[in-house]
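K.L.:
Coordinates in data-v4.txt, compact mmCIF, C-alpha atoms, are listed below.
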# COMPACT_ATOMS: atom_id res chain seq x y z
CA MET A 1 -6.81 25.94 6.11
CA ARG A 2 -8.40 22.79 7.50
CA ASN A 3 -7.48 21.65 11.03
CA THR A 4 -5.38 18.47 10.60
CA TYR A 5 -6.72 17.12 13.90
CA VAL A 6 -10.33 17.09 12.67
CA PRO A 7 -11.50 14.10 10.58
CA TYR A 8 -13.81 14.32 7.59
CA PRO A 9 -17.17 12.60 8.20
CA VAL A 10 -17.64 9.73 5.75
CA ARG A 11 -20.24 7.03 5.20
CA ILE A 12 -19.46 3.34 4.69
CA LYS A 13 -20.65 2.80 1.13
CA LYS A 14 -19.48 -0.81 0.89
CA ALA A 15 -17.93 -3.28 3.33
CA GLU A 16 -16.68 -6.73 2.37
CA VAL A 17 -14.69 -9.46 4.11
CA ALA A 18 -11.49 -9.64 2.06
CA THR A 19 -9.76 -12.85 3.18
CA GLU A 20 -10.74 -16.40 4.10
CA ASP A 21 -9.65 -15.97 7.73
CA LYS A 22 -11.97 -12.93 7.99
CA GLN A 23 -9.19 -10.88 9.58
CA LEU A 24 -9.17 -8.37 6.73
CA LYS A 25 -12.12 -6.31 5.63
CA THR A 26 -12.25 -3.79 2.79
CA PHE A 27 -14.25 -0.56 3.12
CA LEU A 28 -15.33 1.85 0.40
CA LEU A 29 -16.02 5.22 2.00
CA GLU A 30 -17.90 8.17 0.54
CA PHE A 31 -17.66 11.74 1.79
CA ILE A 32 -20.88 13.10 3.26
CA ASN A 33 -19.90 16.56 2.02
CA GLU A 34 -19.15 16.36 -1.70
CA GLN A 35 -16.82 19.37 -1.61
CA GLU A 36 -14.71 17.74 1.11
CA GLY A 37 -14.29 14.77 -1.20
CA GLU A 38 -13.06 17.12 -3.91
CA ASP A 39 -10.64 18.71 -1.45
CA PHE A 40 -9.16 15.40 -0.25
CA ASN A 41 -6.19 15.42 -2.65
CA TYR A 42 -3.84 12.48 -2.20
CA ILE A 43 -1.13 10.60 -4.11
CA PRO A 44 -0.50 6.82 -4.05
CA GLY A 45 1.62 5.91 -1.07
CA GLN A 46 -0.10 8.19 1.42
CA PHE A 47 -2.24 7.04 4.33
CA ALA A 48 -5.06 8.32 6.52
CA GLU A 49 -6.34 7.95 10.06
CA LEU A 50 -9.66 6.09 10.28
CA SER A 51 -11.65 7.08 13.36
CA VAL A 52 -14.58 5.49 15.15
CA SER A 53 -16.37 7.66 17.68
CA GLY A 54 -15.72 6.53 21.25
CA TYR A 55 -12.89 4.14 20.25
CA GLY A 56 -10.12 6.20 18.65
CA GLU A 57 -8.31 6.14 15.33
CA ILE A 58 -5.88 3.94 13.40
CA PRO A 59 -3.46 4.71 10.54
CA ILE A 60 -4.26 2.81 7.32
CA GLY A 61 -2.72 3.10 3.86
CA ILE A 62 -5.05 4.41 1.15
CA ALA A 63 -5.78 1.56 -1.27
CA SER A 64 -7.81 3.55 -3.79
CA SER A 65 -6.29 5.65 -6.54
CA PRO A 66 -7.11 9.33 -7.20
CA THR A 67 -7.98 8.21 -10.74
CA GLU A 68 -10.98 6.26 -9.38
CA GLY A 69 -12.97 9.25 -8.13
CA ASN A 70 -13.60 10.70 -4.68
CA ASP A 71 -14.53 7.50 -2.81
CA LEU A 72 -11.75 6.08 -0.64
CA LEU A 73 -10.79 2.41 -0.32
CA PHE A 74 -9.16 0.92 2.78
CA THR A 75 -8.42 -2.65 3.81
CA VAL A 76 -8.30 -3.05 7.59
CA ASN A 77 -6.70 -5.84 9.63
CA LYS A 78 -8.64 -6.70 12.80
CA VAL A 79 -5.95 -6.45 15.47
CA GLY A 80 -7.21 -4.04 18.16
CA SER A 81 -10.22 -2.28 19.63
CA VAL A 82 -10.60 0.35 16.89
CA SER A 83 -10.19 -2.09 14.00
CA THR A 84 -12.50 -4.61 15.68
CA GLN A 85 -15.21 -1.99 16.11
CA LEU A 86 -14.71 -0.93 12.50
CA HIS A 87 -15.16 -4.55 11.39
CA ASN A 88 -18.44 -4.60 13.31
CA MET A 89 -19.80 -1.54 11.49
CA ASN A 90 -22.25 -1.82 8.62
CA GLU A 91 -22.84 -0.16 5.28
CA GLY A 92 -24.47 3.22 5.88
CA ASP A 93 -22.70 3.83 9.19
CA ILE A 94 -20.82 7.09 9.74
CA MET A 95 -17.14 7.28 10.72
CA GLY A 96 -14.19 9.65 10.22
CA VAL A 97 -11.17 9.98 7.92
CA ARG A 98 -8.28 12.29 8.79
CA GLY A 99 -5.72 13.03 6.12
CA PRO A 100 -4.20 12.56 3.65
CA LEU A 101 -1.00 12.11 5.64
CA GLY A 102 2.65 11.34 4.98
CA ASN A 103 4.53 11.53 1.72
CA SER A 104 3.93 9.44 -1.41
CA TYR A 105 5.67 7.31 -3.98
CA PRO A 106 7.79 9.52 -6.31
CA LEU A 107 5.56 9.11 -9.36
CA SER A 108 6.88 12.12 -11.24
CA GLU A 109 10.51 11.08 -10.69
CA MET A 110 9.63 7.59 -11.97
CA GLU A 111 8.46 8.83 -15.37
CA GLY A 112 10.34 7.32 -18.30
CA LYS A 113 11.57 4.41 -16.19
CA ASN A 114 10.69 0.74 -15.83
CA ILE A 115 8.78 0.07 -12.61
CA VAL A 116 9.04 -2.99 -10.36
CA ILE A 117 6.48 -3.33 -7.57
CA VAL A 118 6.98 -5.89 -4.81
CA ALA A 119 4.27 -6.48 -2.21
CA GLY A 120 3.70 -8.95 0.58
CA GLY A 121 0.53 -9.72 2.54
CA PHE A 122 -1.92 -6.91 3.20
CA ALA A 123 0.85 -4.32 2.71
CA VAL A 124 -0.23 -4.40 -0.93
CA THR A 125 -2.81 -1.67 -0.21
CA THR A 126 -0.87 1.44 -1.25
CA LEU A 127 0.72 -0.53 -4.09
CA ARG A 128 -2.76 -1.34 -5.40
CA SER A 129 -3.31 2.40 -5.44
CA THR A 130 -0.05 2.84 -7.34
CA MET A 131 -0.82 0.14 -9.92
CA ILE A 132 -4.27 1.58 -10.63
CA TRP A 133 -2.67 5.00 -11.09
CA LEU A 134 0.14 3.75 -13.33
CA LEU A 135 -2.19 1.73 -15.57
CA ASP A 136 -4.71 4.53 -16.00
CA PRO A 137 -4.85 5.48 -19.72
CA ALA A 138 -3.83 9.03 -18.85
CA ASN A 139 -0.62 7.82 -17.15
CA ARG A 140 0.46 4.48 -18.67
CA SER A 141 2.47 5.99 -21.55
CA LYS A 142 4.65 7.95 -19.11
CA TYR A 143 6.32 4.77 -17.85
CA GLY A 144 8.24 1.84 -19.29
CA ASP A 145 7.67 -1.82 -18.45
CA ILE A 146 5.80 -2.55 -15.22
CA THR A 147 6.50 -5.71 -13.19
CA PHE A 148 4.21 -6.60 -10.29
CA ILE A 149 5.27 -9.26 -7.75
CA TYR A 150 2.85 -10.04 -4.93
CA GLY A 151 2.63 -12.89 -2.46
CA ALA A 152 0.66 -14.18 0.52
CA ARG A 153 0.66 -17.37 2.56
CA THR A 154 -2.38 -18.92 0.87
CA PRO A 155 -4.70 -18.08 -2.06
CA GLY A 156 -7.42 -17.08 0.40
CA LEU A 157 -5.19 -14.37 1.87
CA LEU A 158 -4.47 -12.63 -1.43
CA LEU A 159 -6.18 -9.26 -1.80
CA TYR A 160 -7.65 -7.54 -4.86
CA GLU A 161 -7.79 -10.68 -6.99
CA GLU A 162 -10.15 -9.15 -9.53
CA GLU A 163 -7.71 -6.33 -10.17
CA TRP A 164 -4.47 -8.30 -10.49
CA ARG A 165 -6.09 -10.92 -12.73
CA GLN A 166 -7.27 -8.08 -14.96
CA TRP A 167 -3.77 -6.56 -15.02
CA ARG A 168 -2.32 -9.93 -16.03
CA GLU A 169 -4.91 -10.58 -18.73
CA SER A 170 -4.57 -7.07 -20.20
CA GLY A 171 -0.86 -7.54 -20.81
CA GLN A 172 -0.11 -4.02 -19.55
CA ALA A 173 2.11 -5.40 -16.80
CA ASN A 174 4.17 -8.49 -16.03
CA VAL A 175 2.13 -9.85 -13.12
CA ASN A 176 3.61 -12.52 -10.81
CA ILE A 177 1.38 -13.76 -7.99
CA THR A 178 2.73 -16.31 -5.53
CA ILE A 179 1.76 -18.23 -2.40
CA ASP A 180 4.11 -19.76 0.14
CA ARG A 181 3.15 -23.41 -0.39
CA GLU A 182 1.24 -25.56 -2.86
CA ALA A 183 -2.55 -25.33 -2.61
CA GLU A 184 -5.26 -27.25 -4.42
CA GLY A 185 -6.62 -25.38 -7.42
CA TRP A 186 -3.93 -22.70 -7.37
CA ASP A 187 -2.83 -21.62 -10.87
CA GLY A 188 -0.07 -19.18 -9.91
CA LEU A 189 3.49 -19.32 -8.65
CA VAL A 190 4.59 -21.07 -5.46
CA GLY A 191 7.39 -19.70 -3.31
CA PHE A 192 8.25 -16.86 -0.97
CA VAL A 193 8.34 -13.36 -2.43
CA PRO A 194 12.18 -13.03 -2.28
CA THR A 195 12.55 -16.32 -4.16
CA VAL A 196 10.12 -15.19 -6.85
CA CYS A 197 11.97 -11.86 -7.13
CA GLU A 198 15.17 -13.78 -7.81
CA GLU A 199 13.44 -15.95 -10.42
CA VAL A 200 11.82 -12.99 -12.18
CA ALA A 201 15.18 -11.16 -11.93
CA PRO A 202 14.04 -7.62 -12.82
CA LYS A 203 16.87 -5.66 -14.41
CA PRO A 204 18.02 -2.45 -12.74
CA ASP A 205 18.63 -0.60 -16.02
CA ASN A 206 16.66 2.67 -15.98
CA ALA A 207 14.36 1.25 -13.31
CA VAL A 208 12.79 1.97 -9.92
CA ALA A 209 11.54 -0.63 -7.41
CA LEU A 210 8.74 0.03 -4.92
CA ILE A 211 8.73 -2.44 -2.02
CA CYS A 212 6.18 -2.76 0.79
CA GLY A 213 5.57 -5.75 3.01
CA PRO A 214 6.14 -7.27 6.43
CA PRO A 215 9.64 -6.70 7.89
CA VAL A 216 10.72 -10.31 7.31
CA MET A 217 9.84 -10.06 3.61
CA ILE A 218 11.74 -6.80 3.26
CA ARG A 219 14.75 -8.22 5.09
CA PHE A 220 15.10 -11.15 2.69
CA THR A 221 14.13 -9.22 -0.44
CA GLN A 222 16.80 -6.55 -0.09
CA PRO A 223 19.75 -8.96 -0.67
CA VAL A 224 18.05 -10.26 -3.83
CA PHE A 225 17.98 -6.78 -5.35
CA ASP A 226 21.59 -6.23 -4.26
CA LYS A 227 22.57 -9.45 -6.04
CA LEU A 228 20.72 -8.34 -9.18
CA GLY A 229 22.75 -5.13 -9.28
CA TRP A 230 20.21 -2.61 -8.00
CA GLN A 231 21.54 0.48 -6.27
CA PRO A 232 20.04 1.79 -2.99
CA GLU A 233 18.89 4.97 -4.74
CA GLN A 234 16.72 2.88 -7.09
CA ILE A 235 14.79 1.15 -4.31
CA VAL A 236 11.86 2.93 -2.67
CA MET A 237 10.33 1.45 0.48
CA SER A 238 7.28 2.22 2.58
CA LEU A 239 7.46 1.88 6.35
CA GLU A 240 3.72 2.27 6.77
CA ASN A 241 3.72 -0.40 9.49
CA ARG A 242 5.31 2.23 11.78
CA MET A 243 2.54 4.82 11.33
CA LYS A 244 1.05 6.25 14.50
CA CYS A 245 -0.50 9.73 14.93
CA GLY A 246 0.30 10.89 11.38
CA ILE A 247 1.59 14.37 12.24
CA GLY A 248 4.78 13.77 14.24
CA ILE A 249 3.35 14.61 17.66
CA CYS A 250 3.30 11.33 19.60
CA GLY A 251 6.91 10.40 18.81
CA ARG A 252 6.20 6.68 18.49
CA CYS A 253 7.08 6.24 14.83
CA ASN A 254 10.61 7.60 14.71
CA VAL A 255 13.57 5.78 13.19
CA GLY A 256 16.61 7.71 14.36
CA PRO A 257 15.89 11.41 13.67
CA GLU A 258 13.10 10.72 11.18
CA TYR A 259 9.42 10.79 12.12
CA VAL A 260 8.13 8.15 9.72
CA CYS A 261 4.55 9.43 9.70
CA LYS A 262 5.71 12.99 8.92
CA ASP A 263 8.94 12.55 6.93
CA GLY A 264 7.75 9.27 5.37
CA PRO A 265 6.42 6.66 5.22
CA VAL A 266 8.18 6.47 1.83
CA PHE A 267 11.99 6.51 1.80
CA THR A 268 14.69 5.36 -0.58
CA LYS A 269 16.85 2.49 0.64
CA ALA A 270 19.82 4.86 0.35
CA HIS A 271 18.18 7.08 2.98
CA LEU A 272 17.25 4.16 5.22
CA ASP A 273 20.80 2.80 5.08
CA GLN A 274 21.87 5.93 6.98
CA LEU A 275 19.39 5.28 9.81
CA PRO A 276 19.29 2.75 12.66
CA LYS A 277 17.99 -0.65 11.50
CA GLU A 278 14.81 -0.30 13.56
CA TYR A 279 12.44 -0.74 10.65
Spit out the file's structure as structure tokens when you get a sec.

P.N.:
Amino acid sequence: MRNTYVPYPVRIKKAEVATEDKQLKTFLLEFINEQEGEDFNYIPGQFAELSVSGYGEIPIGIASSPTEGNDLLFTVNKVGSVSTQLHNMNEGDIMGVRGPLGNSYPLSEMEGKNIVIVAGGFAVTTLRSTMIWLLDPANRSKYGDITFIYGARTPGLLLYEEEWRQWRESGQANVNITIDREAEGWDGLVGFVPTVCEEVAPKPDNAVALICGPPVMIRFTQPVFDKLGWQPEQIVMSLENRMKCGIGICGRCNVGPEYVCKDGPVFTKAHLDQLPKEY
């Protein structure tokens, strides 16, 4: 059994600035050892630790889907020494990936149901993974209607534009993309994510909602779903912003008795309602 403390060596296959403020950069990573790539079995919703020799490691949600092959996709926000050094690395450079870690979205339990996905800012990463998985020809027929609601402050801060435009054009999902305020040339919705959720008004009948975003978005989105008649058991949330060591050792991710990086990061709202409101 592989040592969970030891990262897999990977090579940066592709690196692209993802947003107009250049704070987010997307990396496509390939395993140096092909067998290790085959062994890296993950499910949408999980995360990994990205490590840079001499600097440390950071927890980042996996943005790729297992249906896309063995390469891994991550979008990294430049906020500290490790992420800054990662942003300075080039295609061909070697780094580490430790994982997969945490639990995942309950894809098997969601079969036969309508799916509503709500994302805000760069927290859309693991939900990109989920959408790619759900819309794969091998999986699409297992689910009902799919509604995707995603927002950012400006058009230049929206991630994965090529993908969500393709989802919208294909008609396989009801795609709603919004920005906070009017912007020249913008052809989508305008308004905060909770407001758009209320306008779209997804029905709770035989449905599951996956929600991931900044705490303020989550705080104002929850009452909207309550108003629309959704039950706490139907709402699944990711607390990936609380990820730390990934294996429940450092004790910095806990919410009450739960170690988010070990017991989560995915929880139902019903479960979270029983915990302190620290998230």

K.L.:
Considering all atoms listed in the file, return as a list of chain:residue names whatever protein or nucleic-acid residues lie within 8 Å of region 22-39 of chain A, sequence-local ones (same chain, fewer than 5 positions apart) excluded.

P.N.:
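Final neighbour list, sorted by chain and number: A:Tyr8, A:Pro9, A:Val10, A:Arg11, A:Ile12, A:Lys13, A:Lys14, A:Ala15, A:Glu16, A:Val17, A:Asn70, A:Asp71, A:Leu72, A:Leu73, A:Phe74, A:Thr75, A:Val76, A:Asn77, A:Lys78, A:His87.
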
K.L.:
Mind listing as number ranges by chain all residues within 8 Å of (16.8, 3.8, -2.2), counting all atoms listed in the file?

P.N.:
A: 231-237, 267-272

K.L.:
For Pro106 (chain A), which residue out of A:Gln172, A:Thr130, A:Gln222, A:Asn254 is the nearest one, using only C-alpha atoms?

P.N.:
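For Pro106 (chain A), the nearest of the given residues is A:Thr130.
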
K.L.:
Could you check the closest approach to Asp136 (chain A) for each of A:Pro66, A:Pro223, A:Gly61, A:Gly248 and tell me which residue wins, using all atoms listed in the file?

P.N.:
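Using all atoms listed in the file, Asp136 (chain A) sits closest to A:Pro66.
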
K.L.:
CA of Leu275 (chain A) to CA of Leu239 (chain A): how many Å, to one decimal?

P.N.:
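These atoms are spaced 12.9 Å apart.
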
K.L.:
Hey, what's within 8 Å of Lys203 (chain A) if we count all atoms listed in the file and toss same-chain stuff fewer than 6 positions away? As a PyMOL selection string, please?

P.N.:
chain A and resi 228-230

K.L.:
So how far away is CA of Met217 (chain A) from CA of Ile177 (chain A), in Å?

P.N.:
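It comes out at 14.8 Å.
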
K.L.:
Tell me which residues come within 8 Å of (4.0, 3.3, -4.8), as a ChimeraX atom specification, counting all atoms listed in the file in the file's coordinates.

P.N.:
/A:44-45,104-107,117,126-127,129-131,210-211

K.L.:
Between CA of Lys262 (chain A) and CA of Asn103 (chain A), what is the distance in Å, rounded to a tenth?

P.N.:
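According to the coordinates, CA of Lys262 (chain A) and CA of Asn103 (chain A) are separated by 7.4 Å.
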
K.L.:
My list of candidates is A:Val175, A:Glu169, A:Gly121, A:Asp93. Which is closest to Val216 (chain A) when distances are computed with all atoms listed in the file?

P.N.:
A:Gly121

K.L.:
Of the candidates A:Pro214, A:Phe40, A:Leu86, A:Pro265, which one gets nearest to Gly54 (chain A) if we count all atoms listed in the file?

P.N.:
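Looking at the shortest contact to Gly54 (chain A), the residue is A:Leu86.
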
K.L.:
With a cut-off of 10 Å, could you pull out the residues of region 57-132 of chain A touching region 158-167 of chain A and give me the nearest pair of atoms for each, distance in Å to one decimal, using all atoms listed in the file, ordered by chain and ascending number, as a tab-separated table?

P.N.:
residue	atom	partner	partner_atom	distance
A:Ala63	CA	A:Tyr160	CA	10.0
A:Thr75	CA	A:Leu159	CA	9.0
A:Gly120	CA	A:Leu158	CA	9.2
A:Gly121	CA	A:Leu158	CA	7.0
A:Phe122	CA	A:Leu159	CA	7.0
A:Ala123	CA	A:Leu159	CA	9.7
A:Val124	CA	A:Leu159	CA	7.7
A:Thr125	CA	A:Leu159	CA	8.5
A:Arg128	CA	A:Tyr160	CA	7.9
A:Met131	CA	A:Trp167	CA	8.9
A:Ile132	CA	A:Glu163	CA	8.6

K.L.:
As AutoDock Vina command-line options, please: the centre and edge lengths in Å, to one decimal, of an axis-aligned box enclosing every listed atom of region 75-92 of chain A with 5 Å added on each side.

P.N.:
--center_x -15.2 --center_y -1.7 --center_z 11.7 --size_x 28.5 --size_y 19.9 --size_z 25.8

K.L.:
Excluding region 190-195 of chain A and any residue of its chain fewer than 6 positions from it, enumerate the residues within 9 Å of it, using all atoms listed in the file, and give them as a list of chain:residue names.

P.N.:
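My list of contacting residues is A:Val118, A:Ala119, A:Gly120, A:Ile149, A:Tyr150, A:Gly151, A:Ala152, A:Arg153, A:Ile177, A:Thr178, A:Ile179, A:Asp180, A:Arg181, A:Glu182, A:Ala183, A:Met217, A:Ile218, A:Phe220, A:Thr221, A:Gln222, A:Pro223, A:Val224.
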
K.L.:
Because the input lacks atoms here, generate N, CA and C atoms for region 119-150 of chain A and report them as a PDB file, in the frame of the given file.

P.N.:
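Result file out.pdb:
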ATOM      1  N   ALA A 119       5.185  -6.603  -3.352  1.00  0.00           N
ATOM      2  CA  ALA A 119       4.270  -6.480  -2.210  1.00  0.00           C
ATOM      3  C   ALA A 119       4.109  -7.813  -1.507  1.00  0.00           C
ATOM      4  N   GLY A 120       3.931  -7.752  -0.198  1.00  0.00           N
ATOM      5  CA  GLY A 120       3.700  -8.950   0.580  1.00  0.00           C
ATOM      6  C   GLY A 120       2.544  -8.764   1.538  1.00  0.00           C
ATOM      7  N   GLY A 121       1.653  -9.763   1.617  1.00  0.00           N
ATOM      8  CA  GLY A 121       0.530  -9.720   2.540  1.00  0.00           C
ATOM      9  C   GLY A 121      -0.385  -8.545   2.298  1.00  0.00           C
ATOM     10  N   PHE A 122      -0.967  -8.002   3.386  1.00  0.00           N
ATOM     11  CA  PHE A 122      -1.920  -6.910   3.200  1.00  0.00           C
ATOM     12  C   PHE A 122      -1.220  -5.558   3.052  1.00  0.00           C
ATOM     13  N   ALA A 123       0.118  -5.554   3.005  1.00  0.00           N
ATOM     14  CA  ALA A 123       0.850  -4.320   2.710  1.00  0.00           C
ATOM     15  C   ALA A 123       0.717  -3.927   1.255  1.00  0.00           C
ATOM     16  N   VAL A 124      -0.017  -4.704   0.490  1.00  0.00           N
ATOM     17  CA  VAL A 124      -0.230  -4.400  -0.930  1.00  0.00           C
ATOM     18  C   VAL A 124      -1.168  -3.204  -1.132  1.00  0.00           C
ATOM     19  N   THR A 125      -1.770  -2.703  -0.084  1.00  0.00           N
ATOM     20  CA  THR A 125      -2.810  -1.670  -0.210  1.00  0.00           C
ATOM     21  C   THR A 125      -2.365  -0.444  -0.995  1.00  0.00           C
ATOM     22  N   THR A 126      -1.303   0.226  -0.547  1.00  0.00           N
ATOM     23  CA  THR A 126      -0.870   1.440  -1.250  1.00  0.00           C
ATOM     24  C   THR A 126      -0.259   1.110  -2.608  1.00  0.00           C
ATOM     25  N   LEU A 127       0.184  -0.127  -2.786  1.00  0.00           N
ATOM     26  CA  LEU A 127       0.720  -0.530  -4.090  1.00  0.00           C
ATOM     27  C   LEU A 127      -0.413  -0.868  -5.062  1.00  0.00           C
ATOM     28  N   ARG A 128      -1.572  -1.248  -4.536  1.00  0.00           N
ATOM     29  CA  ARG A 128      -2.760  -1.340  -5.400  1.00  0.00           C
ATOM     30  C   ARG A 128      -3.077   0.042  -5.938  1.00  0.00           C
ATOM     31  N   SER A 129      -3.064   1.020  -5.043  1.00  0.00           N
ATOM     32  CA  SER A 129      -3.310   2.400  -5.440  1.00  0.00           C
ATOM     33  C   SER A 129      -2.344   2.815  -6.548  1.00  0.00           C
ATOM     34  N   THR A 130      -1.084   2.464  -6.371  1.00  0.00           N
ATOM     35  CA  THR A 130      -0.050   2.840  -7.340  1.00  0.00           C
ATOM     36  C   THR A 130      -0.275   2.161  -8.684  1.00  0.00           C
ATOM     37  N   MET A 131      -0.593   0.867  -8.664  1.00  0.00           N
ATOM     38  CA  MET A 131      -0.820   0.140  -9.920  1.00  0.00           C
ATOM     39  C   MET A 131      -2.009   0.713 -10.674  1.00  0.00           C
ATOM     40  N   ILE A 132      -3.094   0.996  -9.973  1.00  0.00           N
ATOM     41  CA  ILE A 132      -4.270   1.580 -10.630  1.00  0.00           C
ATOM     42  C   ILE A 132      -3.892   2.907 -11.274  1.00  0.00           C
ATOM     43  N   TRP A 133      -3.095   3.692 -10.571  1.00  0.00           N
ATOM     44  CA  TRP A 133      -2.670   5.000 -11.090  1.00  0.00           C
ATOM     45  C   TRP A 133      -1.775   4.837 -12.311  1.00  0.00           C
ATOM     46  N   LEU A 134      -0.797   3.941 -12.229  1.00  0.00           N
ATOM     47  CA  LEU A 134       0.140   3.750 -13.330  1.00  0.00           C
ATOM     48  C   LEU A 134      -0.540   3.238 -14.593  1.00  0.00           C
ATOM     49  N   LEU A 135      -1.534   2.357 -14.422  1.00  0.00           N
ATOM     50  CA  LEU A 135      -2.190   1.730 -15.570  1.00  0.00           C
ATOM     51  C   LEU A 135      -3.353   2.553 -16.116  1.00  0.00           C
ATOM     52  N   ASP A 136      -3.664   3.658 -15.472  1.00  0.00           N
ATOM     53  CA  ASP A 136      -4.710   4.530 -16.000  1.00  0.00           C
ATOM     54  C   ASP A 136      -4.282   5.025 -17.387  1.00  0.00           C
ATOM     55  N   PRO A 137      -5.208   5.048 -18.361  1.00  0.00           N
ATOM     56  CA  PRO A 137      -4.850   5.480 -19.720  1.00  0.00           C
ATOM     57  C   PRO A 137      -4.147   6.837 -19.778  1.00  0.00           C
ATOM     58  N   ALA A 138      -4.453   7.716 -18.845  1.00  0.00           N
ATOM     59  CA  ALA A 138      -3.830   9.030 -18.850  1.00  0.00           C
ATOM     60  C   ALA A 138      -2.370   8.986 -18.390  1.00  0.00           C
ATOM     61  N   ASN A 139      -1.958   7.888 -17.727  1.00  0.00           N
ATOM     62  CA  ASN A 139      -0.620   7.820 -17.150  1.00  0.00           C
ATOM     63  C   ASN A 139       0.268   6.721 -17.729  1.00  0.00           C
ATOM     64  N   ARG A 140      -0.327   5.672 -18.296  1.00  0.00           N
ATOM     65  CA  ARG A 140       0.460   4.480 -18.670  1.00  0.00           C
ATOM     66  C   ARG A 140       1.617   4.808 -19.606  1.00  0.00           C
ATOM     67  N   SER A 141       1.434   5.697 -20.564  1.00  0.00           N
ATOM     68  CA  SER A 141       2.470   5.990 -21.550  1.00  0.00           C
ATOM     69  C   SER A 141       3.675   6.726 -20.963  1.00  0.00           C
ATOM     70  N   LYS A 142       3.552   7.220 -19.735  1.00  0.00           N
ATOM     71  CA  LYS A 142       4.650   7.950 -19.110  1.00  0.00           C
ATOM     72  C   LYS A 142       5.726   7.030 -18.555  1.00  0.00           C
ATOM     73  N   TYR A 143       5.423   5.718 -18.497  1.00  0.00           N
ATOM     74  CA  TYR A 143       6.320   4.770 -17.850  1.00  0.00           C
ATOM     75  C   TYR A 143       6.699   3.644 -18.806  1.00  0.00           C
ATOM     76  N   GLY A 144       7.803   2.962 -18.489  1.00  0.00           N
ATOM     77  CA  GLY A 144       8.240   1.840 -19.290  1.00  0.00           C
ATOM     78  C   GLY A 144       7.528   0.570 -18.875  1.00  0.00           C
ATOM     79  N   ASP A 145       8.254  -0.540 -18.849  1.00  0.00           N
ATOM     80  CA  ASP A 145       7.670  -1.820 -18.450  1.00  0.00           C
ATOM     81  C   ASP A 145       7.326  -1.802 -16.966  1.00  0.00           C
ATOM     82  N   ILE A 146       6.228  -2.466 -16.618  1.00  0.00           N
ATOM     83  CA  ILE A 146       5.800  -2.550 -15.220  1.00  0.00           C
ATOM     84  C   ILE A 146       5.765  -4.019 -14.816  1.00  0.00           C
ATOM     85  N   THR A 147       6.483  -4.348 -13.750  1.00  0.00           N
ATOM     86  CA  THR A 147       6.500  -5.710 -13.190  1.00  0.00           C
ATOM     87  C   THR A 147       5.880  -5.672 -11.804  1.00  0.00           C
ATOM     88  N   PHE A 148       4.927  -6.562 -11.570  1.00  0.00           N
ATOM     89  CA  PHE A 148       4.210  -6.600 -10.290  1.00  0.00           C
ATOM     90  C   PHE A 148       4.423  -7.980  -9.669  1.00  0.00           C
ATOM     91  N   ILE A 149       5.026  -8.008  -8.477  1.00  0.00           N
ATOM     92  CA  ILE A 149       5.270  -9.260  -7.750  1.00  0.00           C
ATOM     93  C   ILE A 149       4.563  -9.156  -6.405  1.00  0.00           C
ATOM     94  N   TYR A 150       3.680 -10.110  -6.146  1.00  0.00           N
ATOM     95  CA  TYR A 150       2.850 -10.040  -4.930  1.00  0.00           C
ATOM     96  C   TYR A 150       2.646 -11.434  -4.382  1.00  0.00           C
TER      97      TYR A 150
END
